[in-house]
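As stored in data-v8.pdb (PDB, C-alpha atoms):
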```
ATOM      1  CA  MET Y  79      16.927  21.778 -63.615
ATOM      2  CA  ILE Y  80      17.531  23.125 -60.111
ATOM      3  CA  VAL Y  81      13.979  22.265 -59.081
ATOM      4  CA  LEU Y  82      14.409  18.687 -60.341
ATOM      5  CA  LEU Y  83      17.714  18.346 -58.486
ATOM      6  CA  VAL Y  84      16.177  19.571 -55.240
ATOM      7  CA  ALA Y  85      13.188  17.257 -55.714
ATOM      8  CA  ALA Y  86      15.457  14.255 -56.341
ATOM      9  CA  GLY Y  87      17.571  15.175 -53.326
ATOM     10  CA  ALA Y  88      14.477  15.478 -51.146
ATOM     11  CA  VAL Y  89      13.296  12.032 -52.258
ATOM     12  CA  VAL Y  90      16.718  10.579 -51.403
ATOM     13  CA  ALA Y  91      16.641  12.231 -47.966
ATOM     14  CA  LEU Y  92      13.134  10.912 -47.301
ATOM     15  CA  GLY Y  93      14.102   7.418 -48.435
ATOM     16  CA  ALA Y  94      17.134   7.451 -46.156
ATOM     17  CA  GLY Y  95      14.960   8.458 -43.208
ATOM     18  CA  VAL Y  96      12.498   5.642 -43.902
ATOM     19  CA  ALA Y  97      15.303   3.104 -44.395
ATOM     20  CA  VAL Y  98      16.774   3.887 -40.988
ATOM     21  CA  GLY Y  99      13.656   4.706 -38.964
ATOM     22  CA  ALA Y 100      10.895   2.375 -40.196
ATOM     23  CA  GLN Y 101       9.832  -0.395 -37.833
ATOM     24  CA  ARG Y 102       9.074  -3.021 -40.464
ATOM     25  CA  ALA Y 103      12.016  -4.446 -42.380
ATOM     26  CA  ARG Y 104      10.115  -4.385 -45.670
ATOM     27  CA  THR Y 105       9.346  -0.705 -45.259
ATOM     28  CA  ALA Y 106      12.972  -0.002 -44.373
ATOM     29  CA  ALA Y 107      14.154  -1.899 -47.462
ATOM     30  CA  LEU Y 108      11.698   0.080 -49.573
ATOM     31  CA  GLY Y 109      13.095   3.321 -48.166
ATOM     32  CA  ALA Y 110      16.609   2.163 -49.030
ATOM     33  CA  LEU Y 111      15.421   1.307 -52.543
ATOM     34  CA  VAL Y 112      14.007   4.805 -53.049
ATOM     35  CA  ALA Y 113      17.137   6.504 -51.708
ATOM     36  CA  LEU Y 114      19.570   4.418 -53.745
ATOM     37  CA  VAL Y 115      17.626   4.502 -57.007
ATOM     38  CA  PHE Y 116      17.258   8.294 -56.956
ATOM     39  CA  THR Y 117      20.855   8.991 -55.894
ATOM     40  CA  PRO Y 118      22.273   8.922 -59.478
ATOM     41  CA  PHE Y 119      19.859  11.710 -60.422
ATOM     42  CA  VAL Y 120      21.215  14.103 -57.783
ATOM     43  CA  ALA Y 121      24.059  15.265 -60.021
ATOM     44  CA  ASP Y 122      24.721  18.209 -62.310
ATOM     45  CA  PRO Y 123      25.453  17.458 -65.069
ATOM     46  CA  LEU Y 124      23.731  14.083 -65.075
ATOM     47  CA  PRO Y 125      25.998  11.112 -65.835
ATOM     48  CA  ASP Y 126      25.627   9.204 -69.085
ATOM     49  CA  SER Y 127      22.513   7.084 -69.382
ATOM     50  CA  GLN Y 128      24.569   3.900 -69.055
ATOM     51  CA  VAL Y 129      26.078   5.152 -65.798
ATOM     52  CA  VAL Y 130      22.645   6.084 -64.469
ATOM     53  CA  ALA Y 131      21.343   2.643 -65.439
ATOM     54  CA  VAL Y 132      24.210   0.970 -63.580
ATOM     55  CA  GLY Y 133      23.458   3.079 -60.504
ATOM     56  CA  ILE Y 134      19.780   2.141 -60.611
ATOM     57  CA  VAL Y 135      20.550  -1.570 -61.003
ATOM     58  CA  ALA Y 136      23.052  -1.408 -58.129
ATOM     59  CA  GLY Y 137      20.467   0.349 -55.942
ATOM     60  CA  VAL Y 138      17.768  -2.222 -56.720
ATOM     61  CA  LEU Y 139      20.134  -5.116 -56.051
ATOM     62  CA  ALA Y 140      21.383  -3.606 -52.788
ATOM     63  CA  ALA Y 141      17.817  -3.011 -51.574
ATOM     64  CA  PHE Y 142      16.848  -6.574 -52.517
ATOM     65  CA  LEU Y 143      19.785  -7.950 -50.516
ATOM     66  CA  LEU Y 144      18.713  -5.828 -47.548
ATOM     67  CA  LEU Y 145      15.182  -7.182 -47.895
ATOM     68  CA  ILE Y 146      16.557 -10.726 -47.702
ATOM     69  CA  ALA Y 147      18.661  -9.744 -44.690
ATOM     70  CA  GLY Y 148      15.576  -8.421 -42.902
ATOM     71  CA  ARG Y 149      13.373 -11.500 -43.221
ATOM     72  CA  ARG Y 150      13.739 -12.243 -39.496
ATOM     73  CA  ALA Y 151      14.112  -8.682 -38.266
ATOM     74  CA  GLY Y 152      11.740  -7.778 -35.449
ATOM     75  CA  ASP Y 153       9.863  -4.504 -35.235
ATOM     76  CA  GLY Y 154      11.582  -3.743 -31.960
ATOM     77  CA  SER Y 155      14.976  -3.553 -33.660
ATOM     78  CA  ALA Y 156      14.157  -0.303 -35.465
ATOM     79  CA  SER Y 157      15.787   3.018 -34.728
ATOM     80  CA  PRO Y 158      15.179   4.007 -31.095
ATOM     81  CA  LEU Y 159      14.095   7.446 -32.338
ATOM     82  CA  GLY Y 160      11.251   6.056 -34.454
ATOM     83  CA  LEU Y 161      10.250   6.951 -37.995
ATOM     84  CA  PRO Y 162       8.639  10.374 -37.308
ATOM     85  CA  ALA Y 163      11.710  11.713 -35.496
ATOM     86  CA  THR Y 164      14.039  10.209 -38.082
ATOM     87  CA  ALA Y 165      12.050  11.783 -40.929
ATOM     88  CA  VAL Y 166      12.172  15.164 -39.186
ATOM     89  CA  ALA Y 167      15.929  14.812 -38.697
ATOM     90  CA  ALA Y 168      16.383  13.996 -42.383
ATOM     91  CA  ALA Y 169      14.255  16.976 -43.431
ATOM     92  CA  ALA Y 170      16.105  19.320 -41.086
ATOM     93  CA  ALA Y 171      19.518  18.178 -42.304
ATOM     94  CA  PHE Y 172      18.396  18.511 -45.920
ATOM     95  CA  ALA Y 173      17.128  22.049 -45.325
ATOM     96  CA  PHE Y 174      20.355  22.926 -43.521
ATOM     97  CA  GLY Y 175      22.401  21.653 -46.458
ATOM     98  CA  LEU Y 176      20.437  23.719 -48.936
ATOM     99  CA  GLY Y 177      20.767  26.769 -46.708
ATOM    100  CA  ALA Y 178      24.517  26.251 -46.350
ATOM    101  CA  THR Y 179      25.027  26.217 -50.107
ATOM    102  CA  ALA Y 180      22.801  29.295 -50.446
ATOM    103  CA  VAL Y 181      25.235  31.277 -48.275
ATOM    104  CA  ARG Y 182      28.179  30.267 -50.425
ATOM    105  CA  LEU Y 183      29.524  27.246 -48.603
ATOM    106  CA  PRO Y 184      32.375  26.124 -50.888
ATOM    107  CA  ASP Y 185      31.165  23.379 -53.213
ATOM    108  CA  PHE Y 186      31.754  22.253 -56.784
ATOM    109  CA  GLY Y 187      28.597  20.209 -57.280
ATOM    110  CA  PRO Y 188      24.871  20.674 -56.805
ATOM    111  CA  GLY Y 189      23.712  21.861 -53.400
ATOM    112  CA  ALA Y 190      20.982  19.221 -53.501
ATOM    113  CA  ALA Y 191      23.627  16.468 -53.444
ATOM    114  CA  LEU Y 192      25.304  18.041 -50.434
ATOM    115  CA  ALA Y 193      21.949  18.454 -48.677
ATOM    116  CA  ALA Y 194      20.858  14.874 -49.397
ATOM    117  CA  GLY Y 195      24.244  13.587 -48.230
ATOM    118  CA  LEU Y 196      23.955  15.494 -44.959
ATOM    119  CA  ALA Y 197      20.440  14.125 -44.453
ATOM    120  CA  ALA Y 198      21.558  10.538 -45.037
ATOM    121  CA  LEU Y 199      24.547  11.072 -42.746
ATOM    122  CA  ALA Y 200      22.397  12.579 -39.994
ATOM    123  CA  VAL Y 201      19.985   9.641 -39.824
ATOM    124  CA  SER Y 202      22.478   6.800 -40.285
ATOM    125  CA  GLY Y 203      25.528   7.791 -38.258
ATOM    126  CA  GLY Y 204      24.048   7.198 -34.811
ATOM    127  CA  VAL Y 205      22.355   3.956 -35.834
ATOM    128  CA  VAL Y 206      25.653   2.532 -37.098
ATOM    129  CA  VAL Y 207      27.049   3.107 -33.603
ATOM    130  CA  LEU Y 208      24.034   1.959 -31.568
ATOM    131  CA  ALA Y 209      22.344  -0.743 -33.659
ATOM    132  CA  ARG Y 210      22.525  -4.239 -32.188
ATOM    133  CA  ASP Y 211      20.438  -5.844 -34.934
ATOM    134  CA  ALA Y 212      22.288  -7.125 -38.011
ATOM    135  CA  PHE Y 213      19.650  -5.881 -40.442
ATOM    136  CA  ARG Y 214      19.466  -2.392 -38.935
ATOM    137  CA  LEU Y 215      23.250  -2.150 -38.781
ATOM    138  CA  GLY Y 216      23.579  -3.257 -42.401
ATOM    139  CA  THR Y 217      20.879  -0.889 -43.627
ATOM    140  CA  ALA Y 218      22.363   2.069 -41.760
ATOM    141  CA  THR Y 219      25.815   1.228 -43.140
ATOM    142  CA  VAL Y 220      24.486   1.206 -46.710
ATOM    143  CA  VAL Y 221      22.762   4.552 -46.128
ATOM    144  CA  LEU Y 222      25.981   5.920 -44.616
ATOM    145  CA  LEU Y 223      27.911   4.854 -47.719
ATOM    146  CA  ASP Y 224      25.273   6.495 -49.893
ATOM    147  CA  ALA Y 225      25.753   9.658 -47.821
ATOM    148  CA  ALA Y 226      29.476   9.571 -48.579
ATOM    149  CA  LEU Y 227      28.801   9.204 -52.313
ATOM    150  CA  LEU Y 228      26.357  12.119 -52.251
ATOM    151  CA  LEU Y 229      28.729  14.349 -50.298
ATOM    152  CA  ARG Y 230      31.501  13.536 -52.752
ATOM    153  CA  SER Y 231      29.213  14.597 -55.594
ATOM    154  CA  GLY Y 232      28.207  17.740 -53.726
ATOM    155  CA  PHE Y 233      31.775  18.843 -53.043
ATOM    156  CA  ALA Y 234      33.551  17.598 -56.169
ATOM    157  CA  GLY Y 235      30.919  17.433 -58.895
ATOM    158  CA  THR Y 236      29.588  14.532 -60.954
ATOM    159  CA  PRO Y 237      31.784  11.455 -60.474
ATOM    160  CA  SER Y 238      33.476   9.830 -63.425
ATOM    161  CA  PRO Y 239      32.037   6.560 -64.823
ATOM    162  CA  PRO Y 240      34.697   4.423 -63.057
ATOM    163  CA  GLU Y 241      33.921   6.171 -59.755
ATOM    164  CA  SER Y 242      30.186   5.643 -60.264
ATOM    165  CA  LEU Y 243      30.757   1.972 -61.022
ATOM    166  CA  LEU Y 244      32.921   1.584 -57.922
ATOM    167  CA  GLY Y 245      30.271   3.292 -55.801
ATOM    168  CA  GLY Y 246      27.576   0.946 -57.093
ATOM    169  CA  LEU Y 247      29.745  -2.086 -56.447
ATOM    170  CA  LEU Y 248      30.441  -0.910 -52.895
ATOM    171  CA  LEU Y 249      26.724  -0.445 -52.203
ATOM    172  CA  VAL Y 250      26.012  -3.994 -53.365
ATOM    173  CA  ALA Y 251      28.982  -5.328 -51.397
ATOM    174  CA  PHE Y 252      27.854  -3.598 -48.200
ATOM    175  CA  ALA Y 253      24.315  -4.915 -48.641
ATOM    176  CA  ALA Y 254      25.640  -8.421 -49.313
ATOM    177  CA  THR Y 255      27.736  -8.184 -46.147
ATOM    178  CA  ALA Y 256      24.605  -7.205 -44.217
ATOM    179  CA  MET Y 257      22.797 -10.246 -45.617
ATOM    180  CA  ILE Y 258      25.673 -12.548 -44.643
ATOM    181  CA  LEU Y 259      25.912 -11.013 -41.165
ATOM    182  CA  ALA Y 260      22.157 -11.395 -40.684
ATOM    183  CA  GLY Y 261      22.333 -15.026 -41.745
ATOM    184  CA  ALA Y 262      25.192 -15.707 -39.349
ATOM    185  CA  ALA Y 263      23.385 -13.996 -36.460
ATOM    186  CA  SER Y 264      20.204 -15.921 -37.215
ATOM    187  CA  THR Y 265      22.058 -19.227 -37.298
ATOM    188  CA  ALA Y 266      23.888 -18.504 -34.063
ATOM    189  CA  SER Y 267      21.041 -17.159 -31.945
ATOM    190  CA  GLY Y 268      17.764 -17.588 -33.835
ATOM    191  CA  ASP Y 269      17.342 -13.830 -34.261
ATOM    192  CA  LEU Y 270      19.336 -10.963 -35.773
ATOM    193  CA  GLU Y 271      20.755  -9.510 -32.569
ATOM    194  CA  ILE Y 272      24.527  -9.138 -32.521
ATOM    195  CA  ARG Y 273      25.452 -10.412 -29.084
ATOM    196  CA  GLY Y 274      27.755  -8.283 -26.990
ATOM    197  CA  ARG Y 275      27.915  -5.441 -29.490
ATOM    198  CA  ALA Y 276      28.868  -2.096 -27.968
ATOM    199  CA  GLY Y 277      25.928   0.231 -27.764
ATOM    200  CA  SER Y 278      23.289  -2.452 -27.243
ATOM    201  CA  GLY Y 279      22.684  -1.399 -23.665
ATOM    202  CA  ALA Y 280      22.253   2.228 -24.678
ATOM    203  CA  THR Y 281      19.800   1.227 -27.378
ATOM    204  CA  ARG Y 282      17.735  -0.803 -24.905
ATOM    205  CA  ARG Y 283      17.571   2.158 -22.523
ATOM    206  CA  LEU Y 284      16.382   4.438 -25.312
ATOM    207  CA  GLU Y 285      13.716   1.919 -26.287
ATOM    208  CA  ARG Y 286      12.494   1.707 -22.682
ATOM    209  CA  LEU Y 287      12.155   5.485 -22.580
ATOM    210  CA  ARG Y 288       9.911   5.344 -25.666
ATOM    211  CA  ARG Y 289       7.510   2.861 -24.080
ATOM    212  CA  PRO Y 290       4.434   4.322 -22.342
TER     213      PRO Y 290
END
```
Could you show the structure in this file as structure tokens?
Amino acid sequence: MIVLLVAAGAVVALGAGVAVGAQRARTAALGALVALVFTPFVADPLPDSQVVAVGIVAGVLAAFLLLIAGRRAGDGSASPLGLPATAVAAAAAFAFGLGATAVRLPDFGPGAALAAGLAALAVSGGVVVLARDAFRLGTATVVLLDAALLLRSGFAGTPSPPESLLGGLLLVAFAATAMILAGAASTASGDLEIRGRAGSGATRRLERLRRP
């Protein structure tokens, strides 16, 4: 059981890294799909099958809404760190979370949930602050919410069915908001850039540093 929990948590961490760091919007949406669909399985004990099914459906729907939001996203709007660095950050945060629980960090849920939550938090927090693209901002926000749900499970144990339902609804709502924001940005400017958003200048400077 512990091995399966760690494996599910690792898949969630990897999906979160891809969702935030991938250049192509479709790849990022696929990463979000993987992270969200596997999140219900990072719990001990596992929720009822109906609750798991609701979580999977919510994850699929949220990822689909993000895919719609990213139809006009450019490759240049990805995380300034790039996918390799983002994946390494996710792996490092996941390993740190597992190590922290191994040395008796207080928790009431599986260490894998705490580790996966830390990984998702590590890769999404900075992007939420710096992203100037509506799709990237929306995707990072969804991953950040997923991090909060995982951390709650890691510190407080398996959520109740009403809590799980609320979490799924929030994921879909955040993804729908990202789709609406992307549509508004596209209508206003022809692309997904959020004009005048704080952090856009910093993101541009980071991107210039990455260029050869």
What's the 8 Å shell around segment 232-243 of chain Y, counting only C-alpha atoms, without same-chain residues fewer than 6 positions away, as a PDB file with C-alpha atoms, keeping the file's coordinate frame?
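out-v2.pdb was written with the following content:
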```pdb
ATOM      1  CA  ALA Y 121      24.059  15.265 -60.021  1.00  0.00           C
ATOM      2  CA  ASP Y 122      24.721  18.209 -62.310  1.00  0.00           C
ATOM      3  CA  PRO Y 123      25.453  17.458 -65.069  1.00  0.00           C
ATOM      4  CA  LEU Y 124      23.731  14.083 -65.075  1.00  0.00           C
ATOM      5  CA  PRO Y 125      25.998  11.112 -65.835  1.00  0.00           C
ATOM      6  CA  VAL Y 129      26.078   5.152 -65.798  1.00  0.00           C
ATOM      7  CA  VAL Y 132      24.210   0.970 -63.580  1.00  0.00           C
ATOM      8  CA  GLY Y 133      23.458   3.079 -60.504  1.00  0.00           C
ATOM      9  CA  PRO Y 184      32.375  26.124 -50.888  1.00  0.00           C
ATOM     10  CA  ASP Y 185      31.165  23.379 -53.213  1.00  0.00           C
ATOM     11  CA  PHE Y 186      31.754  22.253 -56.784  1.00  0.00           C
ATOM     12  CA  GLY Y 187      28.597  20.209 -57.280  1.00  0.00           C
ATOM     13  CA  PRO Y 188      24.871  20.674 -56.805  1.00  0.00           C
ATOM     14  CA  GLY Y 189      23.712  21.861 -53.400  1.00  0.00           C
ATOM     15  CA  ALA Y 190      20.982  19.221 -53.501  1.00  0.00           C
ATOM     16  CA  ALA Y 191      23.627  16.468 -53.444  1.00  0.00           C
ATOM     17  CA  LEU Y 192      25.304  18.041 -50.434  1.00  0.00           C
ATOM     18  CA  GLY Y 195      24.244  13.587 -48.230  1.00  0.00           C
TER      19      GLY Y 195
END
```
Requested in this report: Apply the PyMOL selection byres ((chain Y and resi 200) around 12) to the file shown and report the selected residues as a ChimeraX atom specification.
Outcome: /Y:91-92,94-95,98-99,163-172,174-175,193-199,201-206,218,221-222,224-226
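Comparing Y:Val96, Y:Ala263, Y:Leu215, Y:Val220 by their smallest distance to Leu161 of chain Y, the closest is Y:Val96 (using all atoms listed in the file).
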Requested in this report: Name the residues that the PyMOL selection byres ((chain Y and resi 139) around 12) pulls out of this structure, and write them as a PyMOL selection string.
Outcome: chain Y and resi 107-108+110-111+114-115+132-138+140-146+246-254+257
Query raised in the report: What is the distance, in Å and to one decimal place, between atom CA of Ala103 of chain Y and atom CA of Val90 of chain Y?
Result: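 Computing the Euclidean distance for atom CA of Ala103 of chain Y and atom CA of Val90 of chain Y yields 18.1 Å.
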Query raised in the report: Near Val120 of chain Y, counting all atoms listed in the file, which residues have an atom at most 7 Å away, once you skip same-chain residues fewer than 2 positions from it, shown as number ranges by chain?
Result: Y: 83, 86-87, 117-118, 190-191
**Report entry** Among listed residues Y:Gln128, Y:Val89, Y:Leu227, Y:Ala100, nearest Val112 of chain Y (using all atoms listed in the file)
**Finding:**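 Comparing Y:Gln128, Y:Val89, Y:Leu227, Y:Ala100 against Val112 of chain Y, the winner is Y:Val89.
Distances from Y:Leu223, Y:Ala147, Y:Ala209, Y:Ala97 to Ala262 of chain Y were compared using all atoms listed in the file, and the smallest one belongs to Y:Ala147.
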Edge lengths and centre in Å to one decimal, as AutoDock Vina command-line options, of the axis-aligned box that encloses all listed atoms of segment 118-130 of chain Y with 6 Å added on every side?
```
--center_x 23.0 --center_y 11.1 --center_z -63.6 --size_x 18.2 --size_y 26.3 --size_z 23.6
```
Filled-in N, CA and C atoms of segment 197-213 of chain Y, supplied as a PDB file, in the coordinates of the input:
```pdb
ATOM      1  N   ALA Y 197      21.635  14.768 -45.010  1.00  0.00           N
ATOM      2  CA  ALA Y 197      20.440  14.125 -44.453  1.00  0.00           C
ATOM      3  C   ALA Y 197      20.688  12.640 -44.205  1.00  0.00           C
ATOM      4  N   ALA Y 198      21.274  11.964 -45.198  1.00  0.00           N
ATOM      5  CA  ALA Y 198      21.558  10.538 -45.037  1.00  0.00           C
ATOM      6  C   ALA Y 198      22.569  10.297 -43.918  1.00  0.00           C
ATOM      7  N   LEU Y 199      23.546  11.185 -43.816  1.00  0.00           N
ATOM      8  CA  LEU Y 199      24.547  11.072 -42.746  1.00  0.00           C
ATOM      9  C   LEU Y 199      23.908  11.281 -41.384  1.00  0.00           C
ATOM     10  N   ALA Y 200      23.019  12.252 -41.278  1.00  0.00           N
ATOM     11  CA  ALA Y 200      22.397  12.579 -39.994  1.00  0.00           C
ATOM     12  C   ALA Y 200      21.578  11.416 -39.446  1.00  0.00           C
ATOM     13  N   VAL Y 201      20.868  10.696 -40.312  1.00  0.00           N
ATOM     14  CA  VAL Y 201      19.985   9.641 -39.824  1.00  0.00           C
ATOM     15  C   VAL Y 201      20.694   8.300 -39.661  1.00  0.00           C
ATOM     16  N   SER Y 202      21.829   8.118 -40.318  1.00  0.00           N
ATOM     17  CA  SER Y 202      22.478   6.800 -40.285  1.00  0.00           C
ATOM     18  C   SER Y 202      23.651   6.718 -39.323  1.00  0.00           C
ATOM     19  N   GLY Y 203      24.316   7.841 -39.068  1.00  0.00           N
ATOM     20  CA  GLY Y 203      25.528   7.791 -38.258  1.00  0.00           C
ATOM     21  C   GLY Y 203      25.317   7.210 -36.873  1.00  0.00           C
ATOM     22  N   GLY Y 204      24.306   7.697 -36.159  1.00  0.00           N
ATOM     23  CA  GLY Y 204      24.048   7.198 -34.811  1.00  0.00           C
ATOM     24  C   GLY Y 204      23.610   5.752 -34.787  1.00  0.00           C
ATOM     25  N   VAL Y 205      22.842   5.336 -35.800  1.00  0.00           N
ATOM     26  CA  VAL Y 205      22.355   3.956 -35.834  1.00  0.00           C
ATOM     27  C   VAL Y 205      23.503   2.986 -36.069  1.00  0.00           C
ATOM     28  N   VAL Y 206      24.486   3.383 -36.883  1.00  0.00           N
ATOM     29  CA  VAL Y 206      25.653   2.532 -37.098  1.00  0.00           C
ATOM     30  C   VAL Y 206      26.367   2.258 -35.778  1.00  0.00           C
ATOM     31  N   VAL Y 207      26.382   3.258 -34.899  1.00  0.00           N
ATOM     32  CA  VAL Y 207      27.049   3.107 -33.603  1.00  0.00           C
ATOM     33  C   VAL Y 207      26.206   2.293 -32.628  1.00  0.00           C
ATOM     34  N   LEU Y 208      24.881   2.525 -32.608  1.00  0.00           N
ATOM     35  CA  LEU Y 208      24.034   1.959 -31.568  1.00  0.00           C
ATOM     36  C   LEU Y 208      23.311   0.666 -31.952  1.00  0.00           C
ATOM     37  N   ALA Y 209      23.151   0.414 -33.242  1.00  0.00           N
ATOM     38  CA  ALA Y 209      22.344  -0.743 -33.659  1.00  0.00           C
ATOM     39  C   ALA Y 209      22.941  -2.047 -33.147  1.00  0.00           C
ATOM     40  N   ARG Y 210      22.081  -2.921 -32.624  1.00  0.00           N
ATOM     41  CA  ARG Y 210      22.525  -4.239 -32.188  1.00  0.00           C
ATOM     42  C   ARG Y 210      21.908  -5.338 -33.052  1.00  0.00           C
ATOM     43  N   ASP Y 211      21.109  -4.928 -34.033  1.00  0.00           N
ATOM     44  CA  ASP Y 211      20.438  -5.844 -34.934  1.00  0.00           C
ATOM     45  C   ASP Y 211      21.188  -5.838 -36.267  1.00  0.00           C
ATOM     46  N   ALA Y 212      21.471  -7.022 -36.803  1.00  0.00           N
ATOM     47  CA  ALA Y 212      22.288  -7.125 -38.011  1.00  0.00           C
ATOM     48  C   ALA Y 212      21.644  -6.420 -39.197  1.00  0.00           C
ATOM     49  N   PHE Y 213      20.326  -6.535 -39.324  1.00  0.00           N
ATOM     50  CA  PHE Y 213      19.650  -5.881 -40.442  1.00  0.00           C
ATOM     51  C   PHE Y 213      19.721  -4.368 -40.322  1.00  0.00           C
TER      52      PHE Y 213
END
```
